[in-house]
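Below: one structure, written as structure tokens.
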Amino acid sequence: KMNYLKKAMRESARMLPTLFANLKFLSSDLSLVVDNKLRYEIPSGSQVIVQHYFSSYDQKYWGDIDVNKFVPERFSNYIHPFSSLQFGSGARACLGMKIASNELLLAAIAVLRR
């Protein structure tokens, strides 16, 4: 099953995302509130850049474990679905996500066997 190896691979991808960001188009208006003070109104159809590095290192998504440390066990618990988006999400998620993940796992296993 290689559960720990899978967690280690996810942690590696969290700490060093291969993709800097995803570009999204808003399908409806969005209101953002920052620190209960600033409010931003973003209209439908706007392009929004979702930067992976910021969500990967935002402590609120990862609980009590330091986000600057390599801790694969953090993937043993519930992870917010949008805290780590290496392959995108939803209907436009990467079609090759399962294949890429399996190939990476097989390559890691081959390296560890030697």
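Letters for chains follow the order of the structure tokens (A, B, ...), residue numbers begin at 1 for each chain, and ligand numbers begin at 1 in the order shown.
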Open item on the list: Using only C-alpha atoms, which protein or nucleic acid residues come within 9 Å of Phe82 of chain A? Drop anything in the same chain fewer than 6 positions from it, and give the result as a ChimeraX atom specification.
Closed with: /A:55,61,88-89
Generate a file of the selected residues that holds all heavy atoms, formatted as an mmCIF file, in the first residue's frame.
```
data_model
loop_
_atom_site.group_PDB
_atom_site.id
_atom_site.type_symbol
_atom_site.label_atom_id
_atom_site.label_comp_id
_atom_site.auth_asym_id
_atom_site.auth_seq_id
_atom_site.Cartn_x
_atom_site.Cartn_y
_atom_site.Cartn_z
ATOM 1 N N SER A 55 -1.232 28.940 0.070
ATOM 2 C CA SER A 55 -2.107 27.997 0.778
ATOM 3 C C SER A 55 -1.303 26.837 1.362
ATOM 4 O O SER A 55 -1.655 26.298 2.405
ATOM 5 C CB SER A 55 -3.207 27.475 -0.142
ATOM 6 O OG SER A 55 -2.677 26.760 -1.226
ATOM 7 N N TYR A 61 -4.598 26.149 7.625
ATOM 8 C CA TYR A 61 -5.021 24.923 6.938
ATOM 9 C C TYR A 61 -4.350 23.670 7.482
ATOM 10 O O TYR A 61 -4.804 22.569 7.226
ATOM 11 C CB TYR A 61 -4.714 25.007 5.442
ATOM 12 C CG TYR A 61 -5.506 26.051 4.710
ATOM 13 C CD1 TYR A 61 -4.876 27.041 3.983
ATOM 14 C CD2 TYR A 61 -6.894 26.052 4.745
ATOM 15 C CE1 TYR A 61 -5.598 28.004 3.298
ATOM 16 C CE2 TYR A 61 -7.622 27.003 4.074
ATOM 17 C CZ TYR A 61 -6.972 27.975 3.354
ATOM 18 O OH TYR A 61 -7.690 28.923 2.690
ATOM 19 N N GLY A 88 -5.003 21.171 -9.532
ATOM 20 C CA GLY A 88 -6.242 21.894 -9.757
ATOM 21 C C GLY A 88 -7.389 21.236 -9.004
ATOM 22 O O GLY A 88 -7.185 20.385 -8.142
ATOM 23 N N SER A 89 -8.607 21.640 -9.339
ATOM 24 C CA SER A 89 -9.767 21.074 -8.656
ATOM 25 C C SER A 89 -10.998 21.175 -9.536
ATOM 26 O O SER A 89 -11.023 21.915 -10.520
ATOM 27 C CB SER A 89 -10.015 21.817 -7.346
ATOM 28 O OG SER A 89 -10.360 23.152 -7.622
#
```
Open item on the list: List the spatial neighbours of Leu30 of chain A as a ChimeraX atom specification - criterion: any atom at most 7 Å away, only C-alpha atoms, same-chain residues fewer than 4 positions off excluded.
Closed with: /A:41-43
Task: Surrounding residues of Ala91 of chain A excluding itself and chain neighbours under 4 positions, 12 Å, only C-alpha atoms, as a PyMOL selection string - done: chain A and resi 24+87+95
